[in-house]
file structure.txt (compact mmCIF, C-alpha atoms (C1' of nucleotides))
# COMPACT_ATOMS: atom_id res chain seq x y z
CA MET D 1 -3.41 23.29 -49.03
CA THR D 2 -5.06 19.86 -49.37
CA GLN D 3 -3.11 17.10 -51.08
CA VAL D 4 -3.37 17.01 -54.87
CA ARG D 5 -3.74 13.24 -54.74
CA PRO D 6 -5.88 11.97 -51.86
CA MET D 7 -4.00 10.03 -49.18
CA ARG D 8 -3.72 6.31 -49.63
CA ALA D 9 -6.12 4.37 -47.40
CA ASP D 10 -3.41 2.80 -45.24
CA ALA D 11 -1.64 6.13 -44.88
CA ARG D 12 -4.79 7.81 -43.68
CA ARG D 13 -5.47 4.99 -41.22
CA ASN D 14 -1.97 5.18 -39.76
CA TYR D 15 -2.18 8.94 -39.58
CA GLU D 16 -5.32 8.73 -37.46
CA ARG D 17 -3.91 6.01 -35.24
CA LEU D 18 -0.79 8.05 -34.62
CA LEU D 19 -2.81 11.07 -33.70
CA LYS D 20 -4.85 9.14 -31.19
CA ALA D 21 -1.82 7.48 -29.67
CA ALA D 22 -0.01 10.80 -29.50
CA ALA D 23 -2.82 12.57 -27.68
CA GLU D 24 -2.89 9.73 -25.14
CA ALA D 25 0.86 9.66 -24.65
CA PHE D 26 1.23 13.42 -24.38
CA ALA D 27 -1.57 13.55 -21.84
CA GLU D 28 0.02 10.74 -19.87
CA HIS D 29 3.72 11.57 -20.00
CA GLY D 30 3.80 15.21 -20.95
CA GLU D 31 5.18 16.82 -24.06
CA ASN D 32 8.37 14.75 -23.90
CA ALA D 33 6.67 11.39 -24.30
CA SER D 34 8.81 8.96 -26.27
CA LEU D 35 8.05 9.18 -29.98
CA ASP D 36 9.04 5.60 -30.66
CA ASP D 37 6.66 4.61 -27.91
CA ILE D 38 3.87 6.55 -29.58
CA ALA D 39 4.61 4.69 -32.80
CA LYS D 40 4.49 1.41 -30.92
CA ARG D 41 1.17 2.28 -29.27
CA ALA D 42 -0.23 3.14 -32.67
CA GLY D 43 1.01 -0.18 -34.00
CA VAL D 44 3.19 1.33 -36.71
CA GLY D 45 6.93 1.53 -37.31
CA SER D 46 8.83 4.58 -36.17
CA GLY D 47 9.62 5.41 -39.78
CA THR D 48 5.93 5.89 -40.42
CA LEU D 49 5.64 8.29 -37.53
CA TYR D 50 8.55 10.41 -38.72
CA ARG D 51 7.24 10.46 -42.28
CA HIS D 52 3.89 11.84 -41.20
CA PHE D 53 5.26 14.15 -38.52
CA PRO D 54 8.84 15.20 -39.15
CA THR D 55 9.21 16.91 -35.77
CA ARG D 56 7.78 16.58 -32.31
CA GLN D 57 6.27 20.03 -32.81
CA ALA D 58 4.37 18.87 -35.87
CA LEU D 59 2.87 15.93 -34.01
CA LEU D 60 2.06 18.04 -30.98
CA GLU D 61 0.26 20.51 -33.17
CA ALA D 62 -1.68 17.91 -35.08
CA ALA D 63 -2.72 16.21 -31.84
CA TYR D 64 -4.09 19.40 -30.37
CA VAL D 65 -5.47 21.47 -33.25
CA ASP D 66 -8.98 20.56 -32.23
CA ARG D 67 -8.34 21.92 -28.74
CA ILE D 68 -7.08 25.13 -30.24
CA GLU D 69 -10.07 25.42 -32.50
CA ALA D 70 -12.31 24.85 -29.52
CA LEU D 71 -10.59 27.72 -27.71
CA GLY D 72 -11.10 29.93 -30.73
CA LEU D 73 -14.81 29.16 -30.88
CA ARG D 74 -15.09 29.64 -27.15
CA ALA D 75 -13.91 33.23 -27.65
CA ASP D 76 -17.01 34.12 -29.64
CA GLU D 77 -19.28 32.21 -27.31
CA ILE D 78 -18.01 34.18 -24.34
CA ALA D 79 -18.23 37.42 -26.30
CA ARG D 80 -21.98 36.84 -26.57
CA GLU D 81 -22.41 36.28 -22.85
CA LEU D 82 -20.29 39.01 -21.27
CA PRO D 83 -19.39 42.65 -21.86
CA PRO D 84 -16.17 43.01 -23.88
CA GLY D 85 -13.74 43.73 -21.03
CA GLU D 86 -14.91 40.84 -18.90
CA ALA D 87 -15.16 38.56 -21.91
CA LEU D 88 -11.47 38.98 -22.70
CA ILE D 89 -10.43 38.17 -19.14
CA GLU D 90 -12.70 35.16 -18.96
CA TRP D 91 -11.35 33.85 -22.24
CA LEU D 92 -7.75 34.34 -21.13
CA TYR D 93 -8.62 32.44 -18.00
CA GLU D 94 -9.86 29.51 -20.02
CA VAL D 95 -6.81 29.62 -22.24
CA CYS D 96 -4.57 29.54 -19.17
CA VAL D 97 -6.49 26.66 -17.64
CA GLY D 98 -6.17 24.77 -20.91
CA THR D 99 -2.41 25.21 -21.10
CA ILE D 100 -1.98 23.98 -17.56
CA GLU D 101 -4.44 21.10 -17.65
CA VAL D 102 -3.50 19.65 -20.99
CA ARG D 103 0.17 18.92 -20.82
CA GLY D 104 1.73 19.71 -24.18
CA LEU D 105 -0.76 22.35 -25.23
CA LYS D 106 1.33 25.00 -23.52
CA THR D 107 4.41 24.38 -25.63
CA LEU D 108 2.32 24.48 -28.75
CA LEU D 109 0.57 27.72 -27.89
CA GLY D 110 3.92 29.13 -26.86
CA SER D 111 5.51 28.58 -30.23
CA ALA D 112 2.31 29.73 -31.89
CA VAL D 113 2.93 33.25 -30.58
CA THR D 114 6.66 33.18 -31.22
CA ASP D 115 8.10 35.19 -34.06
CA GLY D 116 9.63 33.06 -36.77
CA SER D 117 8.00 29.68 -36.30
CA SER D 118 7.33 27.10 -38.95
CA ALA D 119 4.46 27.56 -41.39
CA ALA D 120 2.40 24.79 -39.80
CA VAL D 121 2.56 26.25 -36.33
CA THR D 122 1.84 29.67 -37.77
CA ALA D 123 -1.58 28.46 -38.87
CA CYS D 124 -2.38 27.61 -35.27
CA GLY D 125 -1.03 30.95 -34.17
CA THR D 126 -3.09 32.88 -36.69
CA PHE D 127 -6.23 31.17 -35.52
CA MET D 128 -5.55 32.14 -31.91
CA LYS D 129 -4.48 35.65 -32.80
CA ASP D 130 -7.67 36.18 -34.77
CA ALA D 131 -9.80 34.99 -31.88
CA ALA D 132 -7.86 37.20 -29.46
CA GLY D 133 -8.07 40.06 -31.92
CA ARG D 134 -11.85 40.06 -31.87
CA LEU D 135 -12.03 40.23 -28.08
CA VAL D 136 -9.20 42.74 -27.80
CA GLY D 137 -10.74 44.97 -30.45
CA ALA D 138 -14.13 44.96 -28.76
CA ALA D 139 -12.67 45.77 -25.35
CA GLN D 140 -10.60 48.58 -26.77
CA LYS D 141 -13.62 50.00 -28.55
CA GLU D 142 -15.48 49.87 -25.28
CA GLY D 143 -12.59 51.65 -23.60
CA THR D 144 -11.76 49.03 -20.98
CA LEU D 145 -8.47 47.97 -22.55
CA ARG D 146 -5.38 49.97 -23.41
CA PRO D 147 -5.49 50.89 -27.08
CA ASP D 148 -1.78 50.22 -27.59
CA LEU D 149 -2.14 46.49 -26.98
CA GLU D 150 -1.76 44.03 -29.83
CA PRO D 151 -3.64 40.71 -29.63
CA VAL D 152 -0.34 38.86 -29.69
CA ASP D 153 0.88 40.82 -26.65
CA VAL D 154 -2.17 39.71 -24.74
CA LEU D 155 -1.60 36.08 -25.69
CA ARG D 156 2.03 36.24 -24.66
CA LEU D 157 1.19 37.82 -21.33
CA ALA D 158 -1.42 35.14 -20.73
CA HIS D 159 1.25 32.57 -21.43
CA GLY D 160 3.38 34.30 -18.83
CA ILE D 161 0.54 34.12 -16.33
CA SER D 162 0.26 30.40 -16.98
CA THR D 163 3.95 30.00 -16.31
CA ALA D 164 3.71 31.96 -13.09
CA SER D 165 0.73 29.89 -11.91
CA GLU D 166 2.49 26.70 -12.80
CA LEU D 167 5.40 27.72 -10.60
CA ALA D 168 3.01 28.38 -7.76
CA ASP D 169 1.41 24.97 -7.49
CA GLY D 170 1.53 23.03 -10.74
CA ARG D 171 -2.24 23.26 -10.86
CA GLY D 172 -4.24 26.27 -11.93
CA ALA D 173 -5.20 27.52 -8.50
CA HIS D 174 -3.41 30.87 -8.89
CA ILE D 175 -4.48 31.77 -12.41
CA ARG D 176 -7.47 33.92 -11.42
CA ARG D 177 -5.48 35.98 -8.96
CA TYR D 178 -2.46 36.48 -11.17
CA LEU D 179 -4.71 37.40 -14.10
CA LEU D 180 -6.42 39.96 -11.88
CA LEU D 181 -3.05 41.40 -10.86
CA LEU D 182 -2.16 41.73 -14.52
CA THR D 183 -5.36 43.52 -15.44
CA GLU D 184 -5.50 45.75 -12.38
CA GLY D 185 -1.78 46.41 -12.10
CA LEU D 186 0.48 46.03 -9.10
CA ARG D 187 -0.32 49.42 -7.59
CA PRO D 188 -2.83 49.67 -4.75
CA MET G 1 26.53 23.05 6.62
CA THR G 2 30.24 22.64 5.84
CA GLN G 3 31.67 19.10 5.72
CA VAL G 4 32.82 17.65 9.03
CA ARG G 5 35.96 16.42 7.32
CA PRO G 6 37.37 18.89 4.78
CA MET G 7 37.23 17.77 1.15
CA ARG G 8 40.19 15.87 -0.14
CA ALA G 9 42.48 17.99 -2.30
CA ASP G 10 41.74 16.15 -5.55
CA ALA G 11 38.02 16.21 -4.87
CA ARG G 12 38.06 19.96 -4.35
CA ARG G 13 40.06 20.46 -7.54
CA ASN G 14 37.67 18.37 -9.60
CA TYR G 15 34.69 20.13 -8.07
CA GLU G 16 36.04 23.51 -9.16
CA ARG G 17 36.91 22.27 -12.64
CA LEU G 18 33.44 20.85 -13.09
CA LEU G 19 31.85 24.09 -12.01
CA LYS G 20 33.89 26.08 -14.51
CA ALA G 21 33.22 23.63 -17.33
CA ALA G 22 29.52 23.58 -16.49
CA ALA G 23 29.16 27.37 -16.56
CA GLU G 24 30.84 27.40 -19.98
CA ALA G 25 28.77 24.57 -21.37
CA PHE G 26 25.46 25.88 -20.07
CA ALA G 27 26.22 29.32 -21.47
CA GLU G 28 27.14 27.80 -24.81
CA HIS G 29 24.52 25.10 -25.32
CA GLY G 30 21.77 26.07 -22.92
CA GLU G 31 20.51 24.22 -19.91
CA ASN G 32 20.42 20.90 -21.74
CA ALA G 33 24.13 20.75 -22.44
CA SER G 34 25.44 17.18 -22.32
CA LEU G 35 26.59 16.25 -18.83
CA ASP G 36 29.10 13.72 -20.09
CA ASP G 37 30.50 16.47 -22.27
CA ILE G 38 30.87 18.74 -19.26
CA ALA G 39 32.78 15.96 -17.51
CA LYS G 40 35.01 15.60 -20.54
CA ARG G 41 35.69 19.34 -20.70
CA ALA G 42 36.60 19.31 -17.05
CA GLY G 43 38.93 16.40 -17.68
CA VAL G 44 37.20 14.05 -15.26
CA GLY G 45 35.19 10.88 -15.64
CA SER G 46 31.43 11.06 -15.75
CA GLY G 47 31.26 9.13 -12.49
CA THR G 48 33.01 12.01 -10.77
CA LEU G 49 30.52 14.46 -12.14
CA TYR G 50 27.54 12.45 -10.93
CA ARG G 51 29.10 11.95 -7.50
CA HIS G 52 29.53 15.67 -6.99
CA PHE G 53 26.25 16.68 -8.60
CA PRO G 54 23.62 13.96 -8.51
CA THR G 55 21.21 15.83 -10.77
CA ARG G 56 21.36 18.38 -13.53
CA GLN G 57 19.54 20.76 -11.21
CA ALA G 58 22.26 20.47 -8.59
CA LEU G 59 24.96 21.34 -11.11
CA LEU G 60 22.93 24.16 -12.58
CA GLU G 61 22.47 25.63 -9.16
CA ALA G 62 26.10 25.31 -8.16
CA ALA G 63 27.22 26.87 -11.42
CA TYR G 64 25.02 29.92 -10.97
CA VAL G 65 24.82 30.60 -7.24
CA ASP G 66 27.21 33.49 -7.65
CA ARG G 67 24.92 35.06 -10.23
CA ILE G 68 22.02 34.71 -7.86
CA GLU G 69 23.99 36.22 -5.04
CA ALA G 70 24.92 39.09 -7.31
CA LEU G 71 21.24 39.68 -8.05
CA GLY G 72 20.49 39.67 -4.34
CA LEU G 73 23.17 42.26 -3.63
CA ARG G 74 22.01 44.31 -6.57
CA ALA G 75 18.61 44.62 -4.88
CA ASP G 76 20.08 46.58 -1.98
CA GLU G 77 22.26 48.64 -4.26
CA ILE G 78 19.25 49.73 -6.28
CA ALA G 79 17.27 50.36 -3.12
CA ARG G 80 19.84 53.01 -2.21
CA GLU G 81 19.59 54.76 -5.56
CA LEU G 82 15.87 54.86 -6.25
CA PRO G 83 12.61 55.37 -4.36
CA PRO G 84 11.06 52.05 -3.26
CA GLY G 85 8.46 51.67 -6.01
CA GLU G 86 10.88 52.36 -8.82
CA ALA G 87 13.59 50.29 -7.17
CA LEU G 88 11.43 47.18 -7.23
CA ILE G 89 10.63 47.58 -10.91
CA GLU G 90 14.23 48.25 -11.83
CA TRP G 91 15.37 45.18 -9.90
CA LEU G 92 12.73 43.00 -11.53
CA TYR G 93 13.95 44.30 -14.86
CA GLU G 94 17.48 43.20 -14.10
CA VAL G 95 16.27 39.83 -12.88
CA CYS G 96 14.36 39.34 -16.13
CA VAL G 97 17.34 40.40 -18.24
CA GLY G 98 19.49 37.93 -16.33
CA THR G 99 17.14 35.02 -16.90
CA ILE G 100 17.02 35.74 -20.61
CA GLU G 101 20.69 36.47 -21.19
CA VAL G 102 22.16 33.67 -19.14
CA ARG G 103 20.69 30.49 -20.52
CA GLY G 104 20.08 28.10 -17.66
CA LEU G 105 19.57 30.72 -14.98
CA LYS G 106 15.89 30.86 -15.83
CA THR G 107 15.24 27.21 -15.06
CA LEU G 108 17.07 27.57 -11.79
CA LEU G 109 15.21 30.66 -10.69
CA GLY G 110 12.01 29.00 -11.80
CA SER G 111 12.42 26.02 -9.55
CA ALA G 112 13.64 28.32 -6.80
CA VAL G 113 10.16 29.84 -6.54
CA THR G 114 8.34 26.54 -6.97
CA ASP G 115 6.66 24.95 -4.01
CA GLY G 116 8.19 21.66 -2.99
CA SER G 117 11.69 21.81 -4.46
CA SER G 118 14.79 20.14 -3.11
CA ALA G 119 16.57 21.56 -0.08
CA ALA G 120 19.51 22.79 -2.12
CA VAL G 121 17.39 24.75 -4.54
CA THR G 122 15.40 26.10 -1.63
CA ALA G 123 18.52 27.86 -0.35
CA CYS G 124 18.73 29.75 -3.63
CA GLY G 125 15.05 30.51 -3.45
CA THR G 126 15.24 31.81 0.08
CA PHE G 127 18.03 34.16 -0.88
CA MET G 128 16.00 35.59 -3.75
CA LYS G 129 12.82 35.78 -1.70
CA ASP G 130 14.63 37.68 1.02
CA ALA G 131 16.01 40.17 -1.46
CA ALA G 132 12.60 40.57 -3.07
CA GLY G 133 11.02 40.83 0.36
CA ARG G 134 13.06 43.88 1.26
CA LEU G 135 12.08 45.75 -1.91
CA VAL G 136 8.47 44.63 -1.75
CA GLY G 137 8.17 45.62 1.91
CA ALA G 138 9.60 49.07 1.28
CA ALA G 139 7.32 49.73 -1.66
CA GLN G 140 4.28 48.57 0.29
CA LYS G 141 5.24 50.80 3.21
CA GLU G 142 5.55 53.69 0.79
CA GLY G 143 2.13 52.84 -0.59
CA THR G 144 3.13 52.25 -4.21
CA LEU G 145 2.57 48.50 -4.15
CA ARG G 146 -0.49 46.45 -3.32
CA PRO G 147 -0.25 45.30 0.30
CA ASP G 148 -1.61 41.85 -0.49
CA LEU G 149 1.42 40.87 -2.58
CA GLU G 150 3.89 38.32 -1.28
CA PRO G 151 7.51 38.55 -2.45
CA VAL G 152 7.21 35.12 -4.03
CA ASP G 153 4.22 36.30 -6.09
CA VAL G 154 6.30 39.12 -7.47
CA LEU G 155 9.13 36.77 -8.38
CA ARG G 156 6.77 34.39 -10.11
CA LEU G 157 5.12 37.17 -12.07
CA ALA G 158 8.54 38.43 -13.11
CA HIS G 159 9.33 34.94 -14.30
CA GLY G 160 6.15 35.06 -16.32
CA ILE G 161 7.19 38.37 -17.85
CA SER G 162 10.50 36.80 -18.85
CA THR G 163 8.65 33.98 -20.54
CA ALA G 164 6.40 36.40 -22.39
CA SER G 165 9.37 38.45 -23.57
CA GLU G 166 11.19 35.35 -24.65
CA LEU G 167 8.25 34.42 -26.83
CA ALA G 168 8.31 37.85 -28.39
CA ASP G 169 11.85 37.87 -29.73
CA GLY G 170 14.14 35.55 -27.82
CA ARG G 171 16.01 38.61 -26.66
CA GLY G 172 14.96 40.95 -23.91
CA ALA G 173 13.62 43.74 -26.08
CA HIS G 174 10.08 43.49 -24.72
CA ILE G 175 10.84 43.17 -21.01
CA ARG G 176 10.48 46.87 -20.16
CA ARG G 177 7.15 47.19 -21.89
CA TYR G 178 5.66 44.00 -20.49
CA LEU G 179 6.86 44.90 -17.03
CA LEU G 180 5.19 48.27 -17.40
CA LEU G 181 1.96 46.62 -18.46
CA LEU G 182 2.11 44.43 -15.38
CA THR G 183 2.65 47.33 -13.01
CA GLU G 184 0.18 49.68 -14.63
CA GLY G 185 -2.44 47.11 -15.51
CA LEU G 186 -4.11 46.47 -18.84
CA ARG G 187 -6.79 49.16 -18.44
CA PRO G 188 -6.32 52.50 -20.18
C1' DC Q 1 -4.79 -8.95 -62.99
C1' DA Q 2 -0.31 -6.62 -63.72
C1' DT Q 3 2.08 -2.57 -62.94
C1' DT Q 4 3.83 1.05 -60.39
C1' DA Q 5 4.52 4.29 -57.12
C1' DA Q 6 3.36 5.26 -52.49
C1' DA Q 7 3.86 3.83 -47.94
C1' DC Q 8 5.53 0.72 -44.48
C1' DG Q 9 8.58 -1.00 -40.71
C1' DG Q 10 12.19 -1.99 -37.97
C1' DA Q 11 17.18 -2.62 -37.80
C1' DG Q 12 20.79 0.08 -36.60
C1' DA Q 13 23.79 4.35 -36.07
C1' DC Q 14 24.12 7.80 -32.90
C1' DA Q 15 23.78 10.60 -28.63
C1' DG Q 16 22.69 11.22 -23.89
C1' DT Q 17 22.11 9.56 -18.94
C1' DC Q 18 23.68 7.26 -15.16
C1' DC Q 19 25.61 3.33 -12.40
C1' DC Q 20 29.04 0.11 -10.98
C1' DC Q 21 33.27 -1.46 -9.28
C1' DG Q 22 38.40 -2.27 -9.83
C1' DC Q 23 42.10 0.95 -9.43
C1' DT Q 24 44.55 5.23 -7.76
C1' DT Q 25 45.41 8.98 -4.68
C1' DT Q 26 45.30 11.35 -0.45
C1' DC Q 27 45.34 11.33 4.37
C1' DT Q 28 46.58 9.61 8.88
C1' DG Q 29 49.30 7.66 12.75
C1' DT Q 30 53.47 6.01 14.04
C1' DA N 1 59.15 8.32 5.88
C1' DC N 2 55.98 5.00 5.09
C1' DA N 3 52.17 1.54 5.42
C1' DG N 4 47.34 0.91 5.68
C1' DA N 5 42.73 2.61 5.35
C1' DA N 6 39.43 5.08 3.19
C1' DA N 7 38.02 8.50 0.04
C1' DG N 8 37.73 9.37 -4.53
C1' DC N 9 38.43 8.45 -9.49
C1' DG N 10 37.07 7.06 -14.17
C1' DG N 11 35.41 4.95 -17.99
C1' DG N 12 33.15 0.84 -19.62
C1' DG N 13 28.67 -0.47 -20.46
C1' DA N 14 23.52 -0.97 -19.90
C1' DC N 15 19.76 1.53 -21.04
C1' DT N 16 16.64 4.87 -23.31
C1' DG N 17 15.40 7.94 -26.87
C1' DT N 18 15.92 10.04 -31.73
C1' DC N 19 15.90 9.63 -36.48
C1' DT N 20 17.37 7.51 -41.09
C1' DC N 21 17.81 4.21 -44.59
C1' DC N 22 16.27 0.90 -47.70
C1' DG N 23 14.35 -3.78 -48.83
C1' DT N 24 9.57 -5.24 -48.62
C1' DT N 25 4.61 -4.74 -48.74
C1' DT N 26 0.34 -2.75 -50.25
C1' DA N 27 -3.17 0.20 -52.37
C1' DA N 28 -4.55 2.40 -56.53
C1' DT N 29 -5.19 2.36 -61.53
C1' DG N 30 -6.24 0.83 -66.48
call {"tool": "encode", "arguments": {"input": "structure.txt", "output": "structure tokens"}}
result
Amino acid sequence: MTQVRPMRADARRNYERLLKAAAEAFAEHGENASLDDIAKRAGVGSGTLYRHFPTRQALLEAAYVDRIEALGLRADEIARELPPGEALIEWLYEVCVGTIEVRGLKTLLGSAVTDGSSAAVTACGTFMKDAAGRLVGAAQKEGTLRPDLEPVDVLRLAHGISTASELADGRGAHIRRYLLLLTEGLRP
Amino acid sequence: MTQVRPMRADARRNYERLLKAAAEAFAEHGENASLDDIAKRAGVGSGTLYRHFPTRQALLEAAYVDRIEALGLRADEIARELPPGEALIEWLYEVCVGTIEVRGLKTLLGSAVTDGSSAAVTACGTFMKDAAGRLVGAAQKEGTLRPDLEPVDVLRLAHGISTASELADGRGAHIRRYLLLLTEGLRP
DNA sequence: CATTAAACGGAGACAGTCCCCGCTTTCTGT
DNA sequence: ACAGAAAGCGGGGACTGTCTCCGTTTAATG
């Protein structure tokens, strides 16, 4: 996975700069921030940007992997604090909040749970699916979650909840309620 | 609501042509189809397009109002065929299928249930909310739907289900199942 | 150092959005 | 029927963003 030959010093430096600039720009202007502008912020030519990150997706992913890893770790942390059923819901809540607060993370997580994505994005997806899998498995074992649910289903539904909440107010104010409706069902 | 002075004949003609071209283009290339290209297809200058439809949203709406009206009518049709609880679900299913099959309709319906949209989009939204309101009210009266649900909540959640299904396979194959999970809840 | 291959950068081709304003067409009153 | 007014047309062009190509620079290596 790692490069055979280590990266050249200037390449590594530019890579880091781009990442920093990208995170800033995405946070500021959303996932459609101008790529040439990101290159400019980083003080490199646009060619350099496109060499390191061939697609917007690739850059988006690289800029937010740490966030995703944090979410994955958070899963186990929560699992230690709460009973399995509640832990899953709480984690999904945090995932939803993340996708709404950090503009750009949503797109990335979305394609991470999409069938037939690129290899790079798949790595992200696997990480999330594994984290979800642990919580889902525990809740199912406990008997508080339907046994026919796959981790990826849960992630996709959470993504749907994010979307619904976003429609409601652009902030995350409705996440808790919509997540509750999902877990409890729409019947009285 | 109608113009004080009726539209000039050429204006009306161009308006219709644009609408037809737009529906084609959106269906073919998705909601981001080139607007200048739509103008070209319609055989008018781009200035004419932008005069009639100041924003992409406006054009999108105009091109798909009939679809939305059809969905609204479908609500009452289904209400006559099925008991209230089932009718709501079936209608939501058809709404979801529509948003996935007809590229562009999803964005429109999305902004129709968003707080703080333009007046024009609001008209669309009101129509859908009214239709949903009738089904939701009936189901609540029957006792098969939580009484604390607003029609707009249901529409937003349906939108979320569409998003989740889209992630799954790009087609609508998962809609039924995800809709069932929403109505039944995630518990066993 | 000298060599060499990796990496850089930014000009420029291309595509999309949207406005501006001189020209054309329709409508109106006589 | 026709002249004048006003509504409407259209496409040129400014602007922004994407992405590639290739001559130049720079780090690594013996």
call {"tool": "residues_around", "arguments": {"input": "structure.txt", "residues": "stretch 18-27 of chain Q", "least_positions_apart": "5", "cutoff": "8 Å", "atoms": "all atoms listed in the file", "output": "ChimeraX atom specification"}}
result
/G:8-10,50 /N:7-9
call {"tool": "atom_distance", "arguments": {"input": "structure.txt", "atom1": "atom CA of D:Leu180", "atom2": "atom CA of D:Ile89"}}
result
8.5 Å
call {"tool": "closest_residue", "arguments": {"input": "structure.txt", "among": "N:DG11, N:DT25, N:DG30, N:DG4", "to": "chain D", "atoms": "all atoms listed in the file"}}
result
N:DT25
call {"tool": "closest_atom_pairs", "arguments": {"input": "structure.txt", "of": "chain Q", "to": "chain D", "cutoff": "9 Å", "atoms": "only C-alpha atoms (C1' of nucleotides)", "output": "CSV"}}
result
residue,atom,partner,partner_atom,distance
Q:DA6,C1',D:Arg8,CA,7.7
Q:DA7,C1',D:Ala11,CA,6.7
Q:DC8,C1',D:Thr48,CA,6.6
Q:DG9,C1',D:Gly45,CA,4.5
Q:DG10,C1',D:Gly45,CA,6.4
call {"tool": "atom_distance", "arguments": {"input": "structure.txt", "atom1": "atom CA of D:Glu184", "atom2": "atom CA of D:Asp153"}}
result
16.4 Å
call {"tool": "atom_distance", "arguments": {"input": "structure.txt", "atom1": "atom CA of D:Val102", "atom2": "atom CA of D:Ile68"}}
result
11.3 Å
call {"tool": "residues_around", "arguments": {"input": "structure.txt", "residues": "G:Ala164", "least_positions_apart": "6", "cutoff": "10 Å", "atoms": "only C-alpha atoms (C1' of nucleotides)", "output": "tab-separated table (two decimals) with C-alpha atoms, in the coordinates of the input"}}
result
chain	number	residue	atom	x	y	z
D	110	GLY	CA	3.92	29.13	-26.86
D	113	VAL	CA	2.93	33.25	-30.58
D	114	THR	CA	6.66	33.18	-31.22
D	153	ASP	CA	0.88	40.82	-26.65
D	154	VAL	CA	-2.17	39.71	-24.74
D	155	LEU	CA	-1.60	36.08	-25.69
D	156	ARG	CA	2.03	36.24	-24.66
D	157	LEU	CA	1.19	37.82	-21.33
D	158	ALA	CA	-1.42	35.14	-20.73
D	159	HIS	CA	1.25	32.57	-21.43
D	160	GLY	CA	3.38	34.30	-18.83
D	161	ILE	CA	0.54	34.12	-16.33
D	163	THR	CA	3.95	30.00	-16.31
G	158	ALA	CA	8.54	38.43	-13.11
G	170	GLY	CA	14.14	35.55	-27.82
G	172	GLY	CA	14.96	40.95	-23.91
G	174	HIS	CA	10.08	43.49	-24.72
G	175	ILE	CA	10.84	43.17	-21.01
G	178	TYR	CA	5.66	44.00	-20.49
call {"tool": "closest_residue", "arguments": {"input": "structure.txt", "among": "D:Pro84, D:Pro54, D:Gly185, D:Gly137", "to": "chain G", "atoms": "all atoms listed in the file"}}
result
D:Gly185
call {"tool": "decode", "arguments": {"input": "structure.txt", "residues": "stretch 2-11 of chain N", "atoms": "N, CA, C and O atoms (P, O5', C5', C4', C3', O3' and C1' of nucleotides)", "output": "short mmCIF file (atom, residue, chain, number, x, y, z; two decimals), in the first residue's frame"}}
result
data_model
loop_
_atom_site.label_atom_id
_atom_site.label_comp_id
_atom_site.auth_asym_id
_atom_site.auth_seq_id
_atom_site.Cartn_x
_atom_site.Cartn_y
_atom_site.Cartn_z
P DC N 2 -50.76 49.26 -46.11
"O5'" DC N 2 -50.23 50.10 -44.88
"C5'" DC N 2 -50.92 51.29 -44.50
"C4'" DC N 2 -50.43 51.77 -43.15
"C3'" DC N 2 -48.96 51.43 -42.86
"O3'" DC N 2 -48.39 52.57 -42.26
"C1'" DC N 2 -50.32 50.70 -41.10
P DA N 3 -46.95 53.06 -42.70
"O5'" DA N 3 -46.62 54.06 -41.51
"C5'" DA N 3 -47.62 54.97 -41.05
"C4'" DA N 3 -47.49 55.13 -39.54
"C3'" DA N 3 -46.05 55.15 -39.03
"O3'" DA N 3 -45.93 56.18 -38.05
"C1'" DA N 3 -47.27 53.41 -37.95
P DG N 4 -44.55 56.66 -37.52
"O5'" DG N 4 -44.71 56.34 -35.98
"C5'" DG N 4 -45.93 56.65 -35.32
"C4'" DG N 4 -45.97 55.96 -33.96
"C3'" DG N 4 -44.63 55.97 -33.24
"O3'" DG N 4 -44.87 56.44 -31.91
"C1'" DG N 4 -45.44 53.73 -33.44
P DA N 5 -43.77 56.45 -30.82
"O5'" DA N 5 -44.21 55.20 -29.95
"C5'" DA N 5 -45.54 55.11 -29.45
"C4'" DA N 5 -45.66 53.87 -28.56
"C3'" DA N 5 -44.54 53.71 -27.54
"O3'" DA N 5 -45.13 53.22 -26.34
"C1'" DA N 5 -44.58 51.83 -28.97
P DA N 6 -44.26 53.12 -25.01
"O5'" DA N 6 -44.23 51.55 -24.76
"C5'" DA N 6 -45.40 50.78 -25.00
"C4'" DA N 6 -45.01 49.31 -25.07
"C3'" DA N 6 -43.90 48.91 -24.09
"O3'" DA N 6 -44.15 47.58 -23.70
"C1'" DA N 6 -43.24 48.35 -26.21
P DA N 7 -44.18 47.06 -22.25
"O5'" DA N 7 -44.25 45.49 -22.49
"C5'" DA N 7 -45.10 44.98 -23.52
"C4'" DA N 7 -44.41 43.86 -24.27
"C3'" DA N 7 -43.53 42.96 -23.41
"O3'" DA N 7 -43.99 41.64 -23.59
"C1'" DA N 7 -42.36 43.64 -25.38
P DG N 8 -43.32 40.43 -22.86
"O5'" DG N 8 -42.24 39.97 -23.91
"C5'" DG N 8 -42.65 39.66 -25.24
"C4'" DG N 8 -41.45 39.33 -26.07
"C3'" DG N 8 -40.43 38.38 -25.41
"O3'" DG N 8 -40.30 37.25 -26.24
"C1'" DG N 8 -39.36 40.24 -26.43
P DC N 9 -39.25 36.13 -25.97
"O5'" DC N 9 -38.14 36.50 -27.03
"C5'" DC N 9 -38.51 36.59 -28.40
"C4'" DC N 9 -37.29 36.85 -29.25
"C3'" DC N 9 -36.14 35.87 -29.03
"O3'" DC N 9 -35.77 35.35 -30.29
"C1'" DC N 9 -35.38 38.12 -28.80
P DG N 10 -34.97 34.00 -30.33
"O5'" DG N 10 -33.47 34.50 -30.36
"C5'" DG N 10 -33.02 35.28 -31.45
"C4'" DG N 10 -31.59 35.68 -31.23
"C3'" DG N 10 -30.71 34.56 -30.67
"O3'" DG N 10 -29.42 34.66 -31.24
"C1'" DG N 10 -30.63 36.40 -29.23
P DG N 11 -28.87 33.56 -32.15
"O5'" DG N 11 -27.34 34.00 -32.29
"C5'" DG N 11 -27.00 35.36 -32.53
"C4'" DG N 11 -26.00 35.83 -31.51
"C3'" DG N 11 -25.02 34.75 -31.01
"O3'" DG N 11 -23.76 35.36 -30.78
"C1'" DG N 11 -26.01 35.74 -29.21
#
